[in-house]
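Source file: my_file_16.pdb; contents: PDB, C-alpha atoms.
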```
ATOM      1  CA  MET N1044     -28.426  19.822  -0.433
ATOM      2  CA  ALA N1045     -25.705  17.580   1.018
ATOM      3  CA  VAL N1046     -24.827  18.104   4.654
ATOM      4  CA  SER N1047     -21.149  18.812   5.257
ATOM      5  CA  LEU N1048     -18.975  17.058   7.791
ATOM      6  CA  GLY N1049     -18.509  20.338   9.622
ATOM      7  CA  ALA N1050     -22.251  20.945   9.850
ATOM      8  CA  MET N1051     -22.963  17.515  11.307
ATOM      9  CA  PHE N1052     -19.955  17.373  13.598
ATOM     10  CA  PRO N1053     -18.756  20.816  14.740
ATOM     11  CA  VAL N1054     -15.055  21.441  15.254
ATOM     12  CA  GLY N1055     -13.804  19.809  18.439
ATOM     13  CA  THR N1056     -16.524  17.149  18.644
ATOM     14  CA  SER N1057     -16.347  13.452  17.942
ATOM     15  CA  LEU N1058     -17.772  11.839  14.841
ATOM     16  CA  ALA N1059     -19.500   9.437  17.172
ATOM     17  CA  GLU N1060     -21.353  11.577  19.683
ATOM     18  CA  PRO N1061     -22.322  11.287  22.479
ATOM     19  CA  VAL N1062     -18.989   9.618  23.284
ATOM     20  CA  VAL N1063     -17.002  12.855  23.624
ATOM     21  CA  ARG N1064     -13.793  13.542  25.504
ATOM     22  CA  SER N1065     -13.472  17.254  25.985
ATOM     23  CA  GLY N1066     -10.277  18.780  24.619
ATOM     24  CA  ALA N1067      -9.142  15.658  22.762
ATOM     25  CA  GLY N1068      -8.332  15.743  19.075
ATOM     26  CA  VAL N1069      -8.434  13.023  16.442
ATOM     27  CA  GLU N1070      -5.436  10.729  16.170
ATOM     28  CA  LEU N1071      -4.603   9.321  12.714
ATOM     29  CA  VAL N1072      -2.243   6.408  13.314
ATOM     30  CA  VAL N1073       0.183   5.539  10.512
ATOM     31  CA  PRO N1074       1.944   2.131  10.452
ATOM     32  CA  THR N1075       5.127   3.526   8.857
ATOM     33  CA  ALA N1076       7.860   5.993   9.731
ATOM     34  CA  ALA N1077       7.618   9.681   8.933
ATOM     35  CA  GLN N1078       8.518  11.133   5.527
ATOM     36  CA  GLY N1079       7.575   8.104   3.437
ATOM     37  CA  SER N1080       4.754   8.068   0.890
ATOM     38  CA  THR N1081       2.283   6.563   3.389
ATOM     39  CA  ASP N1082       3.103   9.270   5.923
ATOM     40  CA  LEU N1083       2.776  11.991   3.280
ATOM     41  CA  LEU N1084      -0.661  10.763   2.239
ATOM     42  CA  ALA N1085      -1.717  10.628   5.879
ATOM     43  CA  ARG N1086      -0.678  14.240   6.420
ATOM     44  CA  LEU N1087      -2.410  15.402   3.252
ATOM     45  CA  LEU N1088      -5.580  13.654   4.395
ATOM     46  CA  ALA N1089      -5.326  15.010   7.954
ATOM     47  CA  ASP N1090      -4.919  18.560   6.673
ATOM     48  CA  ARG N1091      -7.946  18.310   4.394
ATOM     49  CA  LEU N1092     -10.140  16.676   7.057
ATOM     50  CA  ASN N1093      -9.171  19.482   9.405
ATOM     51  CA  ARG N1094     -10.336  22.002   6.814
ATOM     52  CA  GLN N1095     -13.614  20.087   6.510
ATOM     53  CA  GLY N1096     -14.360  20.766  10.169
ATOM     54  CA  MET N1097     -13.276  17.534  11.823
ATOM     55  CA  GLY N1098     -11.142  19.395  14.330
ATOM     56  CA  GLU N1099      -7.446  19.058  15.058
ATOM     57  CA  ILE N1100      -6.012  15.830  13.646
ATOM     58  CA  GLN N1101      -2.653  14.578  14.864
ATOM     59  CA  VAL N1102      -0.720  12.140  12.697
ATOM     60  CA  ARG N1103       0.971   9.544  14.898
ATOM     61  CA  ASN N1104       3.646   7.398  13.262
ATOM     62  CA  MET N1105       3.850   3.931  14.768
ATOM     63  CA  PRO N1106       6.132   1.788  12.557
ATOM     64  CA  GLY N1107       7.195  -1.750  13.316
ATOM     65  CA  ARG N1108       6.190  -5.399  13.066
ATOM     66  CA  SER N1109       4.841  -5.019   9.528
ATOM     67  CA  GLY N1110       2.176  -2.576  10.648
ATOM     68  CA  THR N1111       0.776  -4.635  13.504
ATOM     69  CA  LEU N1112       1.870  -2.207  16.226
ATOM     70  CA  ALA N1113      -0.310   0.495  14.721
ATOM     71  CA  GLY N1114      -3.098  -1.954  13.906
ATOM     72  CA  ALA N1115      -3.241  -3.294  17.446
ATOM     73  CA  TYR N1116      -3.255   0.204  18.919
ATOM     74  CA  VAL N1117      -6.261   1.276  16.857
ATOM     75  CA  ALA N1118      -8.101  -2.041  17.204
ATOM     76  CA  GLY N1119      -7.989  -1.603  20.988
ATOM     77  CA  ALA N1120      -9.181   2.004  20.990
ATOM     78  CA  ILE N1121     -12.664   3.282  21.825
ATOM     79  CA  PRO N1122     -14.715   3.503  18.594
ATOM     80  CA  ASP N1123     -15.613   7.144  19.149
ATOM     81  CA  GLY N1124     -14.036   8.672  16.066
ATOM     82  CA  ARG N1125     -10.991   9.913  17.971
ATOM     83  CA  THR N1126      -8.641   7.128  16.813
ATOM     84  CA  LEU N1127      -8.315   6.178  13.144
ATOM     85  CA  LEU N1128      -5.868   3.995  11.236
ATOM     86  CA  LEU N1129      -4.299   4.480   7.853
ATOM     87  CA  ALA N1130      -4.344   0.816   6.847
ATOM     88  CA  THR N1131      -2.002  -0.722   4.252
ATOM     89  CA  PRO N1132      -1.460  -4.185   2.719
ATOM     90  CA  SER N1133       1.195  -4.832   5.376
ATOM     91  CA  SER N1134      -1.058  -4.149   8.360
ATOM     92  CA  HIS N1135      -4.081  -5.787   6.707
ATOM     93  CA  GLY N1136      -2.745  -8.624   4.616
ATOM     94  CA  ILE N1137       0.928  -9.520   4.618
ATOM     95  CA  ALA N1138       1.393  -9.467   8.406
ATOM     96  CA  SER N1139      -1.238 -12.191   8.772
ATOM     97  CA  ALA N1140       0.946 -14.540   6.736
ATOM     98  CA  PHE N1141       3.836 -14.308   9.191
ATOM     99  CA  VAL N1142       2.412 -13.540  12.638
ATOM    100  CA  ALA N1143       1.077 -16.697  14.267
ATOM    101  CA  ASN N1144      -0.972 -14.897  16.911
ATOM    102  CA  MET N1145      -2.112 -11.638  15.359
ATOM    103  CA  PRO N1146      -3.056  -9.019  17.987
ATOM    104  CA  TYR N1147      -6.182  -8.249  15.964
ATOM    105  CA  ASP N1148      -8.376  -9.650  13.205
ATOM    106  CA  PRO N1149      -7.777  -7.624  10.010
ATOM    107  CA  VAL N1150     -11.505  -7.617   9.239
ATOM    108  CA  ARG N1151     -13.509  -8.082  12.445
ATOM    109  CA  SER N1152     -11.416  -5.807  14.662
ATOM    110  CA  PHE N1153     -12.108  -2.736  12.513
ATOM    111  CA  THR N1154     -14.788  -0.671  10.851
ATOM    112  CA  PRO N1155     -13.531  -0.276   7.280
ATOM    113  CA  ILE N1156     -14.324   3.252   6.121
ATOM    114  CA  VAL N1157     -12.809   3.726   2.670
ATOM    115  CA  ARG N1158      -9.828   2.620   0.598
ATOM    116  CA  PHE N1159      -8.974   5.964  -0.943
ATOM    117  CA  ALA N1160      -5.796   5.371  -2.987
ATOM    118  CA  ALA N1161      -3.725   2.623  -4.568
ATOM    119  CA  ALA N1162      -0.229   2.531  -6.014
ATOM    120  CA  PRO N1163       1.068  -0.219  -8.293
ATOM    121  CA  TYR N1164       4.384  -1.992  -8.500
ATOM    122  CA  LEU N1165       6.706  -1.876 -11.510
ATOM    123  CA  LEU N1166       8.965  -4.484 -13.059
ATOM    124  CA  VAL N1167      12.169  -2.527 -13.637
ATOM    125  CA  VAL N1168      15.533  -3.336 -15.245
ATOM    126  CA  LYS N1169      18.629  -1.358 -16.132
ATOM    127  CA  PRO N1170      18.495   0.657 -19.362
ATOM    128  CA  GLY N1171      19.947  -1.391 -22.183
ATOM    129  CA  GLY N1172      18.619  -4.632 -20.725
ATOM    130  CA  ALA N1173      15.386  -6.251 -21.836
ATOM    131  CA  GLY N1174      13.372  -3.812 -23.919
ATOM    132  CA  SER N1175      10.022  -5.443 -23.205
ATOM    133  CA  LEU N1176       8.364  -7.892 -20.829
ATOM    134  CA  ALA N1177       8.499 -10.617 -23.484
ATOM    135  CA  ALA N1178      12.243 -10.075 -23.917
ATOM    136  CA  PHE N1179      12.751 -10.167 -20.147
ATOM    137  CA  VAL N1180      10.890 -13.486 -19.879
ATOM    138  CA  ASP N1181      12.916 -14.970 -22.739
ATOM    139  CA  GLN N1182      16.204 -13.845 -21.203
ATOM    140  CA  ALA N1183      15.299 -15.168 -17.745
ATOM    141  CA  ARG N1184      14.216 -18.542 -19.115
ATOM    142  CA  THR N1185      17.316 -18.839 -21.289
ATOM    143  CA  ALA N1186      19.551 -18.047 -18.333
ATOM    144  CA  HIS N1187      17.808 -20.686 -16.217
ATOM    145  CA  SER N1188      18.074 -23.334 -18.950
ATOM    146  CA  GLN N1189      21.803 -22.639 -19.257
ATOM    147  CA  GLY N1190      22.391 -22.833 -15.529
ATOM    148  CA  ARG N1191      23.077 -19.108 -15.180
ATOM    149  CA  GLU N1192      21.645 -17.362 -12.138
ATOM    150  CA  TRP N1193      19.266 -14.456 -12.623
ATOM    151  CA  ARG N1194      18.558 -12.399  -9.526
ATOM    152  CA  TYR N1195      16.096  -9.836  -8.244
ATOM    153  CA  ALA N1196      16.337  -7.414  -5.334
ATOM    154  CA  SER N1197      13.806  -6.570  -2.632
ATOM    155  CA  THR N1198      13.622  -4.583   0.584
ATOM    156  CA  GLY N1199      13.703  -7.748   2.702
ATOM    157  CA  THR N1200      12.451 -11.310   2.915
ATOM    158  CA  GLY N1201       8.714 -11.295   3.501
ATOM    159  CA  GLY N1202       8.317  -7.634   2.578
ATOM    160  CA  PRO N1203       5.905  -6.399  -0.112
ATOM    161  CA  HIS N1204       8.567  -6.132  -2.848
ATOM    162  CA  HIS N1205       9.670  -9.721  -2.245
ATOM    163  CA  LEU N1206       6.147 -11.126  -2.226
ATOM    164  CA  VAL N1207       4.913  -9.145  -5.233
ATOM    165  CA  ALA N1208       7.928 -10.311  -7.246
ATOM    166  CA  GLU N1209       7.270 -13.936  -6.332
ATOM    167  CA  PHE N1210       3.580 -13.455  -7.097
ATOM    168  CA  TYR N1211       4.534 -12.486 -10.660
ATOM    169  CA  PHE N1212       7.345 -15.015 -11.129
ATOM    170  CA  GLN N1213       5.110 -17.913 -10.088
ATOM    171  CA  ARG N1214       2.505 -16.925 -12.667
ATOM    172  CA  ALA N1215       5.101 -16.423 -15.383
ATOM    173  CA  GLY N1216       6.898 -19.668 -14.614
ATOM    174  CA  LEU N1217      10.192 -17.885 -13.924
ATOM    175  CA  LYS N1218      12.970 -18.866 -11.521
ATOM    176  CA  LEU N1219      15.007 -15.956 -10.166
ATOM    177  CA  SER N1220      17.154 -15.849  -7.039
ATOM    178  CA  HIS N1221      16.107 -13.445  -4.313
ATOM    179  CA  VAL N1222      18.651 -10.896  -3.065
ATOM    180  CA  PRO N1223      17.247  -8.965  -0.068
ATOM    181  CA  ALA N1224      18.599  -5.541   0.813
ATOM    182  CA  ALA N1225      18.252  -3.192   3.762
ATOM    183  CA  GLY N1226      15.599  -0.883   2.365
ATOM    184  CA  GLY N1227      14.464   0.501  -0.958
ATOM    185  CA  VAL N1228      17.489   2.683  -1.699
ATOM    186  CA  ALA N1229      19.880  -0.225  -1.144
ATOM    187  CA  ALA N1230      17.733  -2.554  -3.256
ATOM    188  CA  LEU N1231      17.641  -0.125  -6.176
ATOM    189  CA  ALA N1232      21.403   0.318  -5.861
ATOM    190  CA  LYS N1233      21.870  -3.419  -6.413
ATOM    191  CA  LEU N1234      19.909  -3.111  -9.631
ATOM    192  CA  SER N1235      21.826  -0.049 -10.761
ATOM    193  CA  ASP N1236      25.247  -1.628 -10.170
ATOM    194  CA  GLY N1237      24.331  -4.887 -11.884
ATOM    195  CA  SER N1238      24.244  -7.054  -8.746
ATOM    196  CA  VAL N1239      20.749  -8.135  -9.782
ATOM    197  CA  GLU N1240      18.848  -8.189 -13.065
ATOM    198  CA  ALA N1241      15.421  -6.968 -11.926
ATOM    199  CA  MET N1242      13.212  -5.656  -9.149
ATOM    200  CA  LEU N1243       9.503  -5.124  -8.564
ATOM    201  CA  PRO N1244       9.456  -1.997  -6.369
ATOM    202  CA  ALA N1245       6.546   0.213  -5.464
ATOM    203  CA  ALA N1246       6.070   2.743  -8.249
ATOM    204  CA  ILE N1247       6.748   5.711  -5.953
ATOM    205  CA  LEU N1248      10.185   4.283  -5.111
ATOM    206  CA  ALA N1249      11.230   3.719  -8.724
ATOM    207  CA  LEU N1250       9.567   6.692 -10.404
ATOM    208  CA  PRO N1251      12.362   9.262  -9.872
ATOM    209  CA  LYS N1252      15.000   6.911 -11.307
ATOM    210  CA  ILE N1253      12.778   6.047 -14.267
ATOM    211  CA  LYS N1254      12.191   9.722 -14.988
ATOM    212  CA  ALA N1255      15.972  10.290 -14.771
ATOM    213  CA  GLY N1256      16.650   7.499 -17.261
ATOM    214  CA  GLU N1257      18.439   5.356 -14.675
ATOM    215  CA  LEU N1258      15.889   2.542 -14.760
ATOM    216  CA  GLN N1259      13.545   1.139 -17.385
ATOM    217  CA  ALA N1260      10.003   0.035 -16.513
ATOM    218  CA  LEU N1261       8.657  -2.950 -18.466
ATOM    219  CA  ALA N1262       5.208  -3.418 -16.917
ATOM    220  CA  VAL N1263       2.972  -2.159 -14.132
ATOM    221  CA  THR N1264       0.721  -4.152 -11.796
ATOM    222  CA  GLY N1265      -2.944  -3.349 -11.254
ATOM    223  CA  THR N1266      -5.733  -2.733 -13.719
ATOM    224  CA  GLN N1267      -4.719   0.542 -15.349
ATOM    225  CA  ARG N1268      -1.644   2.385 -16.545
ATOM    226  CA  LEU N1269      -0.050   4.982 -14.338
ATOM    227  CA  LYS N1270      -0.768   8.588 -15.213
ATOM    228  CA  ALA N1271       2.867   9.346 -14.436
ATOM    229  CA  LEU N1272       4.054   6.619 -16.862
ATOM    230  CA  PRO N1273       1.380   6.404 -19.556
ATOM    231  CA  ASP N1274       3.591   4.450 -21.981
ATOM    232  CA  VAL N1275       4.237   1.558 -19.596
ATOM    233  CA  PRO N1276       1.677  -1.232 -20.159
ATOM    234  CA  THR N1277      -0.006  -3.243 -17.426
ATOM    235  CA  PHE N1278       0.872  -6.898 -16.985
ATOM    236  CA  THR N1279      -2.733  -7.671 -17.900
ATOM    237  CA  GLU N1280      -2.328  -5.930 -21.250
ATOM    238  CA  LEU N1281       0.682  -8.139 -21.849
ATOM    239  CA  GLY N1282      -1.250 -11.323 -21.160
ATOM    240  CA  ILE N1283      -0.660 -12.082 -17.469
ATOM    241  CA  SER N1284      -2.745 -10.911 -14.521
ATOM    242  CA  VAL N1285      -0.747  -9.349 -11.683
ATOM    243  CA  ASP N1286      -3.527  -7.489  -9.905
ATOM    244  CA  VAL N1287      -1.632  -6.586  -6.736
ATOM    245  CA  GLU N1288      -1.153  -3.025  -5.560
ATOM    246  CA  SER N1289      -0.049  -1.112  -2.555
ATOM    247  CA  TRP N1290      -3.087   0.672  -1.141
ATOM    248  CA  TYR N1291      -4.130   3.151   1.508
ATOM    249  CA  GLY N1292      -7.348   3.023   3.474
ATOM    250  CA  LEU N1293      -9.008   4.604   6.477
ATOM    251  CA  MET N1294     -10.276   2.404   9.312
ATOM    252  CA  ALA N1295     -11.781   2.897  12.746
ATOM    253  CA  PRO N1296     -12.037   0.394  15.609
ATOM    254  CA  ALA N1297     -14.882  -2.098  15.386
ATOM    255  CA  GLY N1298     -18.119  -0.565  16.656
ATOM    256  CA  PHE N1299     -17.750   2.790  14.939
ATOM    257  CA  PRO N1300     -21.311   3.839  13.930
ATOM    258  CA  PRO N1301     -22.095   2.894  10.293
ATOM    259  CA  ALA N1302     -23.754   6.230   9.521
ATOM    260  CA  HIS N1303     -20.683   8.114  10.648
ATOM    261  CA  ALA N1304     -18.423   5.773   8.682
ATOM    262  CA  ARG N1305     -20.456   6.488   5.535
ATOM    263  CA  LEU N1306     -20.241  10.235   6.100
ATOM    264  CA  LEU N1307     -16.497  10.084   6.655
ATOM    265  CA  ALA N1308     -16.050   7.897   3.559
ATOM    266  CA  LYS N1309     -17.999  10.396   1.469
ATOM    267  CA  THR N1310     -15.828  13.223   2.748
ATOM    268  CA  VAL N1311     -12.601  11.349   2.013
ATOM    269  CA  ARG N1312     -13.775  10.476  -1.512
ATOM    270  CA  GLU N1313     -14.527  14.125  -2.178
ATOM    271  CA  ILE N1314     -11.105  15.137  -0.855
ATOM    272  CA  PHE N1315      -9.270  12.843  -3.238
ATOM    273  CA  SER N1316     -11.431  13.766  -6.214
ATOM    274  CA  ASP N1317     -10.232  17.362  -5.938
ATOM    275  CA  PRO N1318      -7.855  18.214  -8.834
ATOM    276  CA  ALA N1319      -5.144  19.413  -6.461
ATOM    277  CA  MET N1320      -5.206  16.126  -4.567
ATOM    278  CA  GLU N1321      -5.293  14.149  -7.804
ATOM    279  CA  ALA N1322      -2.110  15.970  -8.800
ATOM    280  CA  GLN N1323      -0.526  15.030  -5.477
ATOM    281  CA  LEU N1324      -1.449  11.378  -6.025
ATOM    282  CA  THR N1325       0.082  11.453  -9.508
ATOM    283  CA  LYS N1326       3.351  12.718  -8.011
ATOM    284  CA  LEU N1327       3.258   9.767  -5.626
ATOM    285  CA  ALA N1328       2.585   7.336  -8.510
ATOM    286  CA  ALA N1329      -0.816   6.615  -6.937
ATOM    287  CA  GLN N1330      -4.422   6.901  -8.087
ATOM    288  CA  ALA N1331      -7.688   7.463  -6.239
ATOM    289  CA  THR N1332      -9.956   4.531  -5.369
ATOM    290  CA  ALA N1333     -13.323   4.436  -3.618
ATOM    291  CA  GLU N1334     -14.113   1.070  -2.001
ATOM    292  CA  GLU N1335     -16.239   1.618   1.107
ATOM    293  CA  GLY N1336     -17.522  -0.473   3.986
ATOM    294  CA  GLU N1337     -18.244  -4.072   2.988
ATOM    295  CA  ALA N1338     -16.414  -3.765  -0.347
ATOM    296  CA  PHE N1339     -13.315  -2.603   1.518
ATOM    297  CA  ALA N1340     -13.692  -5.421   4.069
ATOM    298  CA  ASN N1341     -13.963  -7.976   1.261
ATOM    299  CA  LEU N1342     -10.800  -6.613  -0.319
ATOM    300  CA  VAL N1343      -8.945  -7.016   2.992
ATOM    301  CA  ALA N1344     -10.180 -10.610   3.333
ATOM    302  CA  LEU N1345      -8.885 -11.379  -0.168
ATOM    303  CA  GLU N1346      -5.518  -9.793   0.661
ATOM    304  CA  VAL N1347      -5.151 -11.948   3.781
ATOM    305  CA  ALA N1348      -5.974 -15.141   1.864
ATOM    306  CA  ARG N1349      -3.693 -14.234  -1.066
ATOM    307  CA  TRP N1350      -0.580 -13.571   0.980
ATOM    308  CA  LYS N1351      -1.096 -16.509   3.320
ATOM    309  CA  ALA N1352      -1.340 -18.852   0.334
ATOM    310  CA  LEU N1353       1.785 -17.412  -1.296
ATOM    311  CA  VAL N1354       3.892 -17.436   1.867
ATOM    312  CA  THR N1355       2.806 -20.979   2.753
ATOM    313  CA  GLY N1356       3.682 -22.140  -0.752
ATOM    314  CA  LEU N1357       7.100 -20.489  -0.636
ATOM    315  CA  GLY N1358       7.815 -21.676   2.907
ATOM    316  CA  ILE N1359       9.451 -18.400   3.899
ATOM    317  CA  GLN N1360       9.838 -16.498   7.124
ATOM    318  CA  SER N1361       9.972 -12.715   7.258
ATOM    319  CA  ASP N1362      13.061 -10.755   8.252
ATOM    320  CA  VAL N1363      11.209  -7.440   7.848
ATOM    321  CA  LYS N1364      11.026  -5.609  11.189
ATOM    322  CA  GLY N1365       8.991  -2.633  10.001
ATOM    323  CA  ASP N1366       7.567  -0.978   6.899
TER     324      ASP N1366
END
```

Translate this structure into structure tokens?
Amino acid sequence: MAVSLGAMFPVGTSLAEPVVRSGAGVELVVPTAAQGSTDLLARLLADRLNRQGMGEIQVRNMPGRSGTLAGAYVAGAIPDGRTLLLATPSSHGIASAFVANMPYDPVRSFTPIVRFAAAPYLLVVKPGGAGSLAAFVDQARTAHSQGREWRYASTGTGGPHHLVAEFYFQRAGLKLSHVPAAGGVAALAKLSDGSVEAMLPAAILALPKIKAGELQALAVTGTQRLKALPDVPTFTELGISVDVESWYGLMAPAGFPPAHARLLAKTVREIFSDPAMEAQLTKLAAQATAEEGEAFANLVALEVARWKALVTGLGIQSDVKGD
């Protein structure tokens, strides 16, 4: 019979005994502000881990510098199970492309535990615009050949929405002008009022407007269709690979015991395989994943290389101050 987290590590003790600090809880550090999708997932996870017997878990929001404030804080902590990071592509990929002297190594400074969820991006247009990805490509190319400007919005130069859009446009051979905005709501407003022709937002940001009929989704990144939008095909289905996603993973400082990391990964996987949690992920336009340990570390290394190559090729500098 499997041994539970609570049985191995009683409430109030560290996952990495004998390094125990009496009276201290577990701190789950989140590299974004409160009330966003990343914060919500962190709080769902903290609540479930608490129920599993890990003791009191405090979610600490530490936004800023594309996730590196939170990353540096956790990288410098004692690897005793008391300080964990909810890692994202910003803290463990995109930031490396812009920060010359990173305060941590995205791979070597951490013990990767498990990437537990991923959320794709969507190519969206106004209703009544292009009815398919093929039509969008034709319209964009025609506009370019005629000297007409086609534009796309993002949440800021060097942010995920900007880079994911350029990732796709480069592969499709499209030339669109970038129009940055101050946040997701402002960027979507530019699309709604016709200031731009397209956007590639995170699915969670666009989903409510798609459901309300205010936006039309043409394609989704990643390897599978979204449960929340089953009729929207993946880019891969349509003949072009855009295998980038937003993702959420749990990390500890380097030196966290491997056996304890495996136990915690198993517990997190079980949490997100529960039907109630699957339903929560669907609402957030996300889906469960299960890369552990070395597989998770390899994914982070690929993310770092991917975004560095793209940013170097584009020759851009970030104006994004936080996530």

Would you give the centre and edge lengths, in Å to one decimal, of a box along x, y and z around the listed atoms of segment 1270-1279 of chain N, with 6 Å added to each side, as JSON?
```
{"center_x": 0.8, "center_y": 0.8, "center_z": -18.2, "size_x": 19.0, "size_y": 29.0, "size_z": 19.5}
```

Matched chain/residue IDs from the PyMOL selection byres ((chain N and resi 1332) around 6), as a count of residues only
4

N:Gly1358, N:Gly1199, N:Pro1251, N:Pro1170 ranked by distance to Leu1272 of chain N, top pick (using all atoms listed in the file):
N:Pro1251

Picked residues, the PyMOL selection byres ((chain N and resi 1075-1092) around 9), expected as a PyMOL selection string
chain N and resi 1048+1071-1074+1093-1107+1109-1110+1113+1129+1131+1247-1248+1291+1310-1311+1314-1315+1320+1323-1324+1327+1365-1366

Write out as a PyMOL selection string each polymer residue whose atoms come within 10 Å of Asp1274 of chain N, counting all atoms listed in the file; drop sequence neighbours fewer than 5 positions from it.
chain N and resi 1260-1262+1268-1269

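Coordinates place atom CA of Ala1304 of chain N at a distance of 26.6 Å from atom CA of Thr1325 of chain N.
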
Using all atoms listed in the file, pick whichever of N:Gly1068, N:Pro1155, N:Gly1201, N:Pro1149 has the shortest atom-to-atom distance to Thr1126 of chain N.
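Closest candidate: N:Gly1068.
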